[in-house]
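Okay, run.txt now, which holds compact mmCIF, N, CA and C atoms:
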# COMPACT_ATOMS: atom_id res chain seq x y z
N MET A 19 0.85 -1.17 0.00
CA MET A 19 0.00 0.00 0.00
C MET A 19 0.89 1.23 0.00
N ALA A 20 0.69 2.13 -0.95
CA ALA A 20 1.50 3.34 -1.07
C ALA A 20 0.92 4.44 -0.17
N MET A 21 1.67 4.78 0.86
CA MET A 21 1.21 5.80 1.80
C MET A 21 1.81 7.16 1.44
N LYS A 22 1.03 8.19 1.69
CA LYS A 22 1.49 9.55 1.48
C LYS A 22 1.18 10.38 2.71
N ILE A 23 2.04 11.33 2.98
CA ILE A 23 1.76 12.35 4.00
C ILE A 23 1.36 13.58 3.21
N ARG A 24 0.10 13.99 3.35
CA ARG A 24 -0.41 15.08 2.53
C ARG A 24 -1.39 15.94 3.30
N LEU A 25 -1.89 16.98 2.62
CA LEU A 25 -2.85 17.89 3.23
C LEU A 25 -4.26 17.49 2.82
N ALA A 26 -5.18 17.51 3.77
CA ALA A 26 -6.60 17.29 3.51
C ALA A 26 -7.31 18.60 3.84
N ARG A 27 -8.05 19.14 2.88
CA ARG A 27 -8.65 20.46 3.05
C ARG A 27 -9.92 20.39 3.87
N GLY A 28 -10.05 21.36 4.75
CA GLY A 28 -11.27 21.53 5.52
C GLY A 28 -11.61 23.01 5.49
N GLY A 29 -12.51 23.42 6.33
CA GLY A 29 -12.89 24.83 6.37
C GLY A 29 -13.95 25.14 5.35
N SER A 30 -14.47 26.34 5.44
CA SER A 30 -15.55 26.73 4.54
C SER A 30 -14.99 27.40 3.29
N LYS A 31 -15.89 27.85 2.45
CA LYS A 31 -15.52 28.49 1.20
C LYS A 31 -14.67 29.73 1.47
N LYS A 32 -13.53 29.82 0.82
CA LYS A 32 -12.58 30.93 0.93
C LYS A 32 -11.97 31.09 2.32
N ARG A 33 -12.11 30.07 3.16
CA ARG A 33 -11.49 30.05 4.50
C ARG A 33 -10.81 28.69 4.69
N PRO A 34 -9.71 28.42 3.96
CA PRO A 34 -9.13 27.08 4.02
C PRO A 34 -8.49 26.76 5.35
N PHE A 35 -8.55 25.49 5.69
CA PHE A 35 -7.90 24.94 6.87
C PHE A 35 -7.51 23.53 6.49
N TYR A 36 -6.29 23.14 6.74
CA TYR A 36 -5.80 21.84 6.30
C TYR A 36 -5.40 20.97 7.48
N ARG A 37 -5.60 19.66 7.31
CA ARG A 37 -5.08 18.67 8.24
C ARG A 37 -3.92 17.97 7.54
N VAL A 38 -2.82 17.78 8.25
CA VAL A 38 -1.72 16.98 7.73
C VAL A 38 -2.04 15.55 8.09
N VAL A 39 -2.17 14.69 7.08
CA VAL A 39 -2.64 13.32 7.33
C VAL A 39 -1.73 12.31 6.64
N ALA A 40 -1.73 11.09 7.17
CA ALA A 40 -1.12 9.94 6.51
C ALA A 40 -2.25 9.17 5.86
N ALA A 41 -2.21 9.08 4.54
CA ALA A 41 -3.31 8.45 3.81
C ALA A 41 -2.79 7.54 2.71
N ASP A 42 -3.62 6.60 2.33
CA ASP A 42 -3.33 5.76 1.18
C ASP A 42 -3.40 6.66 -0.05
N SER A 43 -2.45 6.51 -0.96
CA SER A 43 -2.38 7.40 -2.12
C SER A 43 -3.58 7.24 -3.05
N ARG A 44 -4.31 6.14 -2.94
CA ARG A 44 -5.47 5.92 -3.82
C ARG A 44 -6.73 6.60 -3.32
N MET A 45 -6.72 7.08 -2.08
CA MET A 45 -7.89 7.74 -1.51
C MET A 45 -7.99 9.19 -2.01
N PRO A 46 -9.20 9.74 -2.06
CA PRO A 46 -9.35 11.14 -2.49
C PRO A 46 -8.72 12.11 -1.49
N ARG A 47 -8.49 13.34 -1.95
CA ARG A 47 -7.79 14.35 -1.14
C ARG A 47 -8.42 14.54 0.23
N ASP A 48 -9.73 14.68 0.29
CA ASP A 48 -10.42 14.91 1.56
C ASP A 48 -11.08 13.64 2.09
N GLY A 49 -10.70 12.52 1.53
CA GLY A 49 -11.34 11.27 1.90
C GLY A 49 -10.73 10.60 3.12
N ARG A 50 -10.81 9.29 3.13
CA ARG A 50 -10.36 8.49 4.26
C ARG A 50 -8.85 8.59 4.44
N TYR A 51 -8.42 8.65 5.69
CA TYR A 51 -6.99 8.66 5.99
C TYR A 51 -6.72 7.78 7.20
N LYS A 52 -5.47 7.37 7.35
CA LYS A 52 -5.09 6.48 8.45
C LYS A 52 -4.95 7.23 9.76
N GLU A 53 -4.28 8.39 9.71
CA GLU A 53 -3.99 9.10 10.96
C GLU A 53 -3.82 10.59 10.69
N LYS A 54 -4.32 11.39 11.60
CA LYS A 54 -4.13 12.84 11.54
C LYS A 54 -2.79 13.16 12.22
N LEU A 55 -1.92 13.87 11.51
CA LEU A 55 -0.58 14.14 12.01
C LEU A 55 -0.37 15.60 12.40
N GLY A 56 -1.30 16.47 12.04
CA GLY A 56 -1.15 17.87 12.40
C GLY A 56 -2.15 18.73 11.67
N THR A 57 -1.96 20.05 11.80
CA THR A 57 -2.84 21.01 11.15
C THR A 57 -2.02 22.12 10.52
N TYR A 58 -2.63 22.79 9.54
CA TYR A 58 -2.01 23.93 8.86
C TYR A 58 -3.09 24.94 8.56
N ASN A 59 -2.90 26.17 9.05
CA ASN A 59 -3.87 27.24 8.82
C ASN A 59 -3.18 28.34 8.03
N PRO A 60 -3.37 28.40 6.70
CA PRO A 60 -2.67 29.38 5.87
C PRO A 60 -3.15 30.81 6.08
N LEU A 61 -4.26 31.01 6.77
CA LEU A 61 -4.77 32.36 6.98
C LEU A 61 -4.03 33.10 8.10
N LEU A 62 -3.32 32.37 8.93
CA LEU A 62 -2.57 33.00 10.01
C LEU A 62 -1.27 33.59 9.46
N PRO A 63 -0.73 34.63 10.11
CA PRO A 63 0.55 35.20 9.65
C PRO A 63 1.67 34.17 9.74
N LYS A 64 2.69 34.34 8.91
CA LYS A 64 3.76 33.34 8.84
C LYS A 64 4.58 33.25 10.11
N ASP A 65 4.58 34.29 10.94
CA ASP A 65 5.40 34.26 12.15
C ASP A 65 4.66 33.64 13.35
N ARG A 66 3.40 33.29 13.21
CA ARG A 66 2.65 32.66 14.30
C ARG A 66 3.06 31.21 14.46
N GLU A 67 3.23 30.76 15.70
CA GLU A 67 3.63 29.39 15.95
C GLU A 67 2.54 28.39 15.63
N ASP A 68 1.28 28.77 15.84
CA ASP A 68 0.18 27.83 15.63
C ASP A 68 -0.30 27.78 14.19
N ARG A 69 0.44 28.38 13.25
CA ARG A 69 0.11 28.27 11.83
C ARG A 69 0.26 26.82 11.36
N ILE A 70 1.36 26.17 11.80
CA ILE A 70 1.60 24.77 11.47
C ILE A 70 1.84 24.00 12.77
N ASN A 71 1.02 23.00 13.03
CA ASN A 71 1.20 22.10 14.18
C ASN A 71 1.38 20.70 13.64
N MET A 72 2.47 20.03 14.07
CA MET A 72 2.72 18.68 13.59
C MET A 72 3.17 17.79 14.75
N ASP A 73 2.74 16.54 14.71
CA ASP A 73 3.19 15.53 15.66
C ASP A 73 4.45 14.90 15.06
N VAL A 74 5.60 15.41 15.46
CA VAL A 74 6.88 15.06 14.85
C VAL A 74 7.18 13.57 14.99
N ASP A 75 6.89 12.99 16.15
CA ASP A 75 7.18 11.58 16.36
C ASP A 75 6.39 10.69 15.39
N ARG A 76 5.12 10.99 15.21
CA ARG A 76 4.30 10.18 14.31
C ARG A 76 4.71 10.39 12.86
N ILE A 77 5.11 11.62 12.50
CA ILE A 77 5.57 11.86 11.13
C ILE A 77 6.83 11.06 10.87
N LYS A 78 7.75 11.04 11.82
CA LYS A 78 8.98 10.25 11.66
C LYS A 78 8.65 8.76 11.55
N PHE A 79 7.65 8.31 12.30
CA PHE A 79 7.22 6.91 12.21
C PHE A 79 6.75 6.59 10.80
N TRP A 80 5.87 7.44 10.25
CA TRP A 80 5.33 7.17 8.92
C TRP A 80 6.40 7.28 7.85
N LEU A 81 7.35 8.20 8.01
CA LEU A 81 8.45 8.29 7.05
C LEU A 81 9.29 7.01 7.09
N ALA A 82 9.51 6.47 8.29
CA ALA A 82 10.25 5.21 8.43
C ALA A 82 9.49 4.04 7.82
N GLU A 83 8.17 4.11 7.83
CA GLU A 83 7.34 3.06 7.24
C GLU A 83 7.30 3.15 5.71
N GLY A 84 7.83 4.22 5.15
CA GLY A 84 7.88 4.36 3.70
C GLY A 84 6.90 5.35 3.12
N ALA A 85 6.23 6.13 3.95
CA ALA A 85 5.30 7.14 3.44
C ALA A 85 6.08 8.25 2.76
N VAL A 86 5.54 8.74 1.65
CA VAL A 86 6.20 9.77 0.87
C VAL A 86 5.43 11.08 1.06
N PRO A 87 6.10 12.15 1.53
CA PRO A 87 5.38 13.43 1.68
C PRO A 87 5.17 14.10 0.32
N THR A 88 4.07 14.81 0.19
CA THR A 88 3.85 15.60 -1.02
C THR A 88 4.80 16.79 -1.01
N ASP A 89 4.85 17.52 -2.11
CA ASP A 89 5.79 18.63 -2.23
C ASP A 89 5.56 19.69 -1.15
N ARG A 90 4.32 20.09 -0.95
CA ARG A 90 4.01 21.13 0.03
C ARG A 90 4.34 20.66 1.45
N VAL A 91 4.00 19.43 1.77
CA VAL A 91 4.28 18.90 3.09
C VAL A 91 5.79 18.73 3.28
N SER A 92 6.51 18.32 2.24
CA SER A 92 7.95 18.17 2.37
C SER A 92 8.61 19.52 2.64
N ARG A 93 8.08 20.59 2.07
CA ARG A 93 8.62 21.93 2.36
C ARG A 93 8.38 22.30 3.83
N MET A 94 7.23 21.92 4.36
CA MET A 94 6.95 22.17 5.78
C MET A 94 7.90 21.36 6.66
N LEU A 95 8.14 20.11 6.27
CA LEU A 95 9.03 19.25 7.05
C LEU A 95 10.47 19.74 6.97
N GLU A 96 10.85 20.29 5.83
CA GLU A 96 12.20 20.86 5.69
C GLU A 96 12.38 22.06 6.60
N SER A 97 11.37 22.92 6.66
CA SER A 97 11.48 24.11 7.51
C SER A 97 11.47 23.73 8.99
N ALA A 98 10.84 22.59 9.33
CA ALA A 98 10.83 22.13 10.72
C ALA A 98 12.10 21.34 11.06
N GLY A 99 12.91 21.01 10.05
CA GLY A 99 14.14 20.28 10.28
C GLY A 99 13.96 18.78 10.40
N ILE A 100 12.84 18.25 9.94
CA ILE A 100 12.57 16.81 10.05
C ILE A 100 13.24 16.05 8.91
N VAL A 101 13.19 16.59 7.71
CA VAL A 101 13.85 15.98 6.56
C VAL A 101 14.88 16.95 6.01
N PRO A 102 15.94 16.44 5.37
CA PRO A 102 16.95 17.35 4.81
C PRO A 102 16.40 18.13 3.62
N LYS A 103 16.95 19.33 3.39
CA LYS A 103 16.49 20.17 2.29
C LYS A 103 16.87 19.55 0.95
N LYS A 104 15.95 19.63 -0.01
CA LYS A 104 16.20 19.15 -1.36
C LYS A 104 16.61 20.33 -2.22
N GLU A 105 17.45 20.06 -3.19
CA GLU A 105 17.83 21.10 -4.15
C GLU A 105 16.76 21.12 -5.23
N ARG A 106 16.15 22.27 -5.43
CA ARG A 106 15.10 22.40 -6.43
C ARG A 106 15.59 23.29 -7.56
N ASN A 107 15.19 22.94 -8.77
CA ASN A 107 15.59 23.72 -9.93
C ASN A 107 14.45 23.70 -10.93
N ASN A 108 13.99 24.87 -11.30
CA ASN A 108 12.95 24.98 -12.31
C ASN A 108 13.47 25.88 -13.42
N PRO A 109 14.17 25.33 -14.40
CA PRO A 109 14.76 26.17 -15.44
C PRO A 109 13.73 26.88 -16.30
N ILE A 110 12.52 26.35 -16.38
CA ILE A 110 11.47 26.99 -17.19
C ILE A 110 11.06 28.32 -16.57
N LYS A 111 11.07 28.39 -15.24
CA LYS A 111 10.66 29.61 -14.56
C LYS A 111 11.63 30.76 -14.85
N ALA A 112 12.89 30.45 -15.09
CA ALA A 112 13.89 31.49 -15.33
C ALA A 112 13.85 32.02 -16.76
N GLN A 113 13.13 31.36 -17.65
CA GLN A 113 13.08 31.81 -19.03
C GLN A 113 12.15 33.00 -19.18
N LEU A 114 12.44 33.84 -20.18
CA LEU A 114 11.62 35.01 -20.46
C LEU A 114 10.28 34.60 -21.05
N GLY A 115 9.27 35.42 -20.80
CA GLY A 115 7.97 35.19 -21.38
C GLY A 115 7.92 35.66 -22.82
N GLU A 116 6.80 35.41 -23.49
CA GLU A 116 6.66 35.76 -24.90
C GLU A 116 6.78 37.26 -25.14
N LYS A 117 6.12 38.07 -24.31
CA LYS A 117 6.15 39.52 -24.50
C LYS A 117 7.55 40.08 -24.26
N ALA A 118 8.23 39.56 -23.25
CA ALA A 118 9.58 40.02 -22.96
C ALA A 118 10.53 39.67 -24.09
N LYS A 119 10.37 38.47 -24.67
CA LYS A 119 11.20 38.07 -25.81
C LYS A 119 10.95 39.00 -27.00
N ALA A 120 9.69 39.35 -27.23
CA ALA A 120 9.35 40.23 -28.35
C ALA A 120 9.95 41.62 -28.14
N ARG A 121 9.86 42.15 -26.91
CA ARG A 121 10.46 43.46 -26.62
C ARG A 121 11.96 43.43 -26.81
N LEU A 122 12.60 42.38 -26.39
CA LEU A 122 14.05 42.25 -26.52
C LEU A 122 14.46 42.18 -27.99
N ALA A 123 13.72 41.41 -28.78
CA ALA A 123 14.01 41.32 -30.22
C ALA A 123 13.80 42.67 -30.91
N GLU A 124 12.75 43.38 -30.50
CA GLU A 124 12.47 44.70 -31.08
C GLU A 124 13.58 45.69 -30.73
N LYS A 125 14.05 45.64 -29.52
CA LYS A 125 15.11 46.53 -29.08
C LYS A 125 16.42 46.25 -29.83
N GLU A 126 16.72 44.95 -30.04
CA GLU A 126 17.92 44.58 -30.79
C GLU A 126 17.84 45.03 -32.23
N SER A 127 16.65 44.89 -32.84
CA SER A 127 16.51 45.31 -34.24
C SER A 127 16.62 46.83 -34.37
N GLU A 128 16.17 47.58 -33.38
CA GLU A 128 16.32 49.04 -33.40
C GLU A 128 17.78 49.44 -33.30
N GLN A 129 18.52 48.75 -32.45
CA GLN A 129 19.95 49.07 -32.29
C GLN A 129 20.73 48.73 -33.55
N GLU A 130 20.37 47.65 -34.24
CA GLU A 130 21.06 47.28 -35.48
C GLU A 130 20.78 48.27 -36.59
N SER A 131 19.59 48.83 -36.64
CA SER A 131 19.22 49.75 -37.71
C SER A 131 19.86 51.13 -37.51
N GLU A 132 20.26 51.45 -36.31
CA GLU A 132 20.87 52.76 -36.04
C GLU A 132 22.27 52.82 -36.48
Please express what this file holds, its structure, as structure tokens.
Amino acid sequence: MAMKIRLARGGSKKRPFYRVVAADSRMPRDGRYKEKLGTYNPLLPKDREDRINMDVDRIKFWLAEGAVPTDRVSRMLESAGIVPKKERNNPIKAQLGEKAKARLAEKESEQESE
């Protein structure tokens, strides 16, 4: 059984509140889960301690059992010091957009014509 540590959304419309859960990867996002491992409230300021609450011992247990954290949860675990930081690289993000490329080409053609 492929286990994941992920976020399950709760809260009302436009007021998100998430539970950090250990769930089977085949279950729906807000569906059945094995264990609640913590909470995450994105509406609180980033410097508040109760923005993210996690049961570190249980998270370490599930990681030892082979559970794979999702990207967002792994970033939370990295900031808490539970898992080592991963090197991330998104070369597509560093590329210029279409309009910027067009402006650059236009500027180069103006300089060549002068």
### Counting only N, CA and C atoms, the residue of A:Ala26, A:Leu61, A:Ala120, A:Ala82 that sits nearest Pro46 (chain A)
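With only N, CA and C atoms as the atom set, the closest residue is A:Ala26.
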### Message
Could you list, as a list in words, every residue within 12 Å of Met45 (chain A), counting only C-alpha atoms and ignoring same-chain residues fewer than 4 positions away?
### Response
Met19, Ala20, Met21, Lys22, Arg24, Ala26, Val39, Ala40, Ala41, Gly49, Arg50, Tyr51 and Lys52 of chain A
#### Entry: Shortest interatomic distance to Lys54 (chain A) - which of A:Asn107, A:Val38, A:Gly115, A:Ser97, counting only C-alpha atoms
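Answer, going by the shortest atom-to-atom distance: A:Val38.
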### Task
Run DSSP on the backbone and give me the residues of chain A it puts in helix (DSSP H, G or I), as an MDAnalysis selection string.
chainID A and resid 67:69 74:82 89:98 116:131
Take every atom of region 24-31 of chain A listed in the file, fit an axis-aligned box around them, add 3 Å per side, and give the centre and edge lengths in Å to one decimal as JSON.
{"center_x": -7.9, "center_y": 21.9, "center_z": 3.8, "size_x": 22.0, "size_y": 21.7, "size_z": 11.2}
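Distance-wise, CA of Lys103 (chain A) and CA of Phe35 (chain A) end up 25.3 Å apart.
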### Query
Using only C-alpha atoms, which of the listed residues (A:Tyr58, A:Phe79, A:Ala118, A:Lys125) sits closest to Val91 (chain A)?
A:Tyr58
#### Entry: Given only C-alpha atoms as the counted atoms, nearest of A:Ile70, A:Ser127, A:Arg27, A:Pro87 to Ser43 (chain A)
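Smallest separation from Ser43 (chain A) among the options: A:Pro87.
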### Message
I'd like the interatomic distance between CA of Ile100 (chain A) and atom N of Arg37 (chain A), to a tenth of an Å.
### Response
18.6 Å
Write out as a short mmCIF file (atom, residue, chain, number, x, y, z; two decimals) with N, CA and C atoms, in the frame of the given file the set of residues from chain A that DSSP, computed on the backbone, places in strand (DSSP E or B).
data_model
loop_
_atom_site.label_atom_id
_atom_site.label_comp_id
_atom_site.auth_asym_id
_atom_site.auth_seq_id
_atom_site.Cartn_x
_atom_site.Cartn_y
_atom_site.Cartn_z
N MET A 21 1.67 4.78 0.86
CA MET A 21 1.21 5.80 1.80
C MET A 21 1.81 7.16 1.44
N LYS A 22 1.03 8.19 1.69
CA LYS A 22 1.49 9.55 1.48
C LYS A 22 1.18 10.38 2.71
N ILE A 23 2.04 11.33 2.98
CA ILE A 23 1.76 12.35 4.00
C ILE A 23 1.36 13.58 3.21
N ARG A 24 0.10 13.99 3.35
CA ARG A 24 -0.41 15.08 2.53
C ARG A 24 -1.39 15.94 3.30
N LEU A 25 -1.89 16.98 2.62
CA LEU A 25 -2.85 17.89 3.23
C LEU A 25 -4.26 17.49 2.82
N ALA A 26 -5.18 17.51 3.77
CA ALA A 26 -6.60 17.29 3.51
C ALA A 26 -7.31 18.60 3.84
N ARG A 27 -8.05 19.14 2.88
CA ARG A 27 -8.65 20.46 3.05
C ARG A 27 -9.92 20.39 3.87
N GLY A 28 -10.05 21.36 4.75
CA GLY A 28 -11.27 21.53 5.52
C GLY A 28 -11.61 23.01 5.49
N GLY A 29 -12.51 23.42 6.33
CA GLY A 29 -12.89 24.83 6.37
C GLY A 29 -13.95 25.14 5.35
N SER A 30 -14.47 26.34 5.44
CA SER A 30 -15.55 26.73 4.54
C SER A 30 -14.99 27.40 3.29
N ARG A 33 -12.11 30.07 3.16
CA ARG A 33 -11.49 30.05 4.50
C ARG A 33 -10.81 28.69 4.69
N PRO A 34 -9.71 28.42 3.96
CA PRO A 34 -9.13 27.08 4.02
C PRO A 34 -8.49 26.76 5.35
N PHE A 35 -8.55 25.49 5.69
CA PHE A 35 -7.90 24.94 6.87
C PHE A 35 -7.51 23.53 6.49
N TYR A 36 -6.29 23.14 6.74
CA TYR A 36 -5.80 21.84 6.30
C TYR A 36 -5.40 20.97 7.48
N ARG A 37 -5.60 19.66 7.31
CA ARG A 37 -5.08 18.67 8.24
C ARG A 37 -3.92 17.97 7.54
N VAL A 38 -2.82 17.78 8.25
CA VAL A 38 -1.72 16.98 7.73
C VAL A 38 -2.04 15.55 8.09
N VAL A 39 -2.17 14.69 7.08
CA VAL A 39 -2.64 13.32 7.33
C VAL A 39 -1.73 12.31 6.64
N ALA A 40 -1.73 11.09 7.17
CA ALA A 40 -1.12 9.94 6.51
C ALA A 40 -2.25 9.17 5.86
N ALA A 41 -2.21 9.08 4.54
CA ALA A 41 -3.31 8.45 3.81
C ALA A 41 -2.79 7.54 2.71
N ASP A 42 -3.62 6.60 2.33
CA ASP A 42 -3.33 5.76 1.18
C ASP A 42 -3.40 6.66 -0.05
N GLU A 53 -4.28 8.39 9.71
CA GLU A 53 -3.99 9.10 10.96
C GLU A 53 -3.82 10.59 10.69
N LYS A 54 -4.32 11.39 11.60
CA LYS A 54 -4.13 12.84 11.54
C LYS A 54 -2.79 13.16 12.22
N LEU A 55 -1.92 13.87 11.51
CA LEU A 55 -0.58 14.14 12.01
C LEU A 55 -0.37 15.60 12.40
N GLY A 56 -1.30 16.47 12.04
CA GLY A 56 -1.15 17.87 12.40
C GLY A 56 -2.15 18.73 11.67
N THR A 57 -1.96 20.05 11.80
CA THR A 57 -2.84 21.01 11.15
C THR A 57 -2.02 22.12 10.52
N TYR A 58 -2.63 22.79 9.54
CA TYR A 58 -2.01 23.93 8.86
C TYR A 58 -3.09 24.94 8.56
N ILE A 70 1.36 26.17 11.80
CA ILE A 70 1.60 24.77 11.47
C ILE A 70 1.84 24.00 12.77
N ASN A 71 1.02 23.00 13.03
CA ASN A 71 1.20 22.10 14.18
C ASN A 71 1.38 20.70 13.64
N MET A 72 2.47 20.03 14.07
CA MET A 72 2.72 18.68 13.59
C MET A 72 3.17 17.79 14.75
N VAL A 86 5.54 8.74 1.65
CA VAL A 86 6.20 9.77 0.87
C VAL A 86 5.43 11.08 1.06
N PRO A 87 6.10 12.15 1.53
CA PRO A 87 5.38 13.43 1.68
C PRO A 87 5.17 14.10 0.32
#
## Note on the structure
Judged by only N, CA and C atoms, the minimum distance to Leu55 (chain A) among A:Ser92, A:Ser30, A:Asn71, A:Gln129 is found for A:Asn71
### Task
Please measure the separation of CA of Gly56 (chain A) and CA of Asp73 (chain A), giving the value in Å to one decimal.
5.9 Å
Go ahead and find all residues with at least one atom no further than 12 Å from (-13.4, 31.6, 5.2) in the file's coordinates, using only C-alpha atoms; report them as a tab-separated table (two decimals) with N, CA and C atoms, in the frame of the given file.
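That gives us part02.tsv:
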chain	number	residue	atom	x	y	z
A	28	GLY	N	-10.05	21.36	4.75
A	28	GLY	CA	-11.27	21.53	5.52
A	28	GLY	C	-11.61	23.01	5.49
A	29	GLY	N	-12.51	23.42	6.33
A	29	GLY	CA	-12.89	24.83	6.37
A	29	GLY	C	-13.95	25.14	5.35
A	30	SER	N	-14.47	26.34	5.44
A	30	SER	CA	-15.55	26.73	4.54
A	30	SER	C	-14.99	27.40	3.29
A	31	LYS	N	-15.89	27.85	2.45
A	31	LYS	CA	-15.52	28.49	1.20
A	31	LYS	C	-14.67	29.73	1.47
A	32	LYS	N	-13.53	29.82	0.82
A	32	LYS	CA	-12.58	30.93	0.93
A	32	LYS	C	-11.97	31.09	2.32
A	33	ARG	N	-12.11	30.07	3.16
A	33	ARG	CA	-11.49	30.05	4.50
A	33	ARG	C	-10.81	28.69	4.69
A	34	PRO	N	-9.71	28.42	3.96
A	34	PRO	CA	-9.13	27.08	4.02
A	34	PRO	C	-8.49	26.76	5.35
A	35	PHE	N	-8.55	25.49	5.69
A	35	PHE	CA	-7.90	24.94	6.87
A	35	PHE	C	-7.51	23.53	6.49
A	59	ASN	N	-2.90	26.17	9.05
A	59	ASN	CA	-3.87	27.24	8.82
A	59	ASN	C	-3.18	28.34	8.03
A	60	PRO	N	-3.37	28.40	6.70
A	60	PRO	CA	-2.67	29.38	5.87
A	60	PRO	C	-3.15	30.81	6.08
A	61	LEU	N	-4.26	31.01	6.77
A	61	LEU	CA	-4.77	32.36	6.98
A	61	LEU	C	-4.03	33.10	8.10
A	62	LEU	N	-3.32	32.37	8.93
A	62	LEU	CA	-2.57	33.00	10.01
A	62	LEU	C	-1.27	33.59	9.46
Reconstructed all heavy atoms for region 22-28 of chain A, given as a compact mmCIF listing (two decimals), keeping the file's coordinate frame:
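Output file part-v6.txt is given in full below:
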# COMPACT_ATOMS: atom_id res chain seq x y z
N LYS A 22 1.03 8.19 1.69
CA LYS A 22 1.49 9.55 1.48
C LYS A 22 1.18 10.38 2.71
O LYS A 22 0.19 10.14 3.39
CB LYS A 22 0.78 10.19 0.28
CG LYS A 22 1.29 9.72 -1.05
CD LYS A 22 0.92 10.71 -2.12
CE LYS A 22 1.52 10.32 -3.44
NZ LYS A 22 2.74 10.98 -3.74
N ILE A 23 2.04 11.33 2.98
CA ILE A 23 1.76 12.35 4.00
C ILE A 23 1.36 13.58 3.21
O ILE A 23 2.16 14.12 2.44
CB ILE A 23 2.98 12.62 4.88
CG1 ILE A 23 3.38 11.35 5.61
CG2 ILE A 23 2.68 13.72 5.88
CD1 ILE A 23 4.65 11.47 6.42
N ARG A 24 0.10 13.99 3.35
CA ARG A 24 -0.41 15.08 2.53
C ARG A 24 -1.39 15.94 3.30
O ARG A 24 -1.70 15.67 4.46
CB ARG A 24 -1.06 14.52 1.27
CG ARG A 24 -2.27 13.68 1.53
CD ARG A 24 -2.83 13.18 0.24
NE ARG A 24 -3.98 12.34 0.47
CZ ARG A 24 -4.42 11.45 -0.38
NH1 ARG A 24 -3.79 11.27 -1.52
NH2 ARG A 24 -5.47 10.73 -0.11
N LEU A 25 -1.89 16.98 2.62
CA LEU A 25 -2.85 17.89 3.23
C LEU A 25 -4.26 17.49 2.82
O LEU A 25 -4.51 17.16 1.67
CB LEU A 25 -2.58 19.32 2.76
CG LEU A 25 -1.24 19.92 3.16
CD1 LEU A 25 -1.07 21.30 2.53
CD2 LEU A 25 -1.12 20.02 4.66
N ALA A 26 -5.18 17.51 3.77
CA ALA A 26 -6.60 17.29 3.51
C ALA A 26 -7.31 18.60 3.84
O ALA A 26 -7.19 19.11 4.95
CB ALA A 26 -7.14 16.16 4.36
N ARG A 27 -8.05 19.14 2.88
CA ARG A 27 -8.65 20.46 3.05
C ARG A 27 -9.92 20.39 3.87
O ARG A 27 -10.74 19.51 3.71
CB ARG A 27 -8.96 21.09 1.70
CG ARG A 27 -9.35 22.56 1.80
CD ARG A 27 -9.63 23.14 0.43
NE ARG A 27 -9.65 24.59 0.41
CZ ARG A 27 -10.69 25.33 0.72
NH1 ARG A 27 -11.80 24.76 1.13
NH2 ARG A 27 -10.63 26.65 0.66
N GLY A 28 -10.05 21.36 4.75
CA GLY A 28 -11.27 21.53 5.52
C GLY A 28 -11.61 23.01 5.49
O GLY A 28 -11.06 23.77 4.72
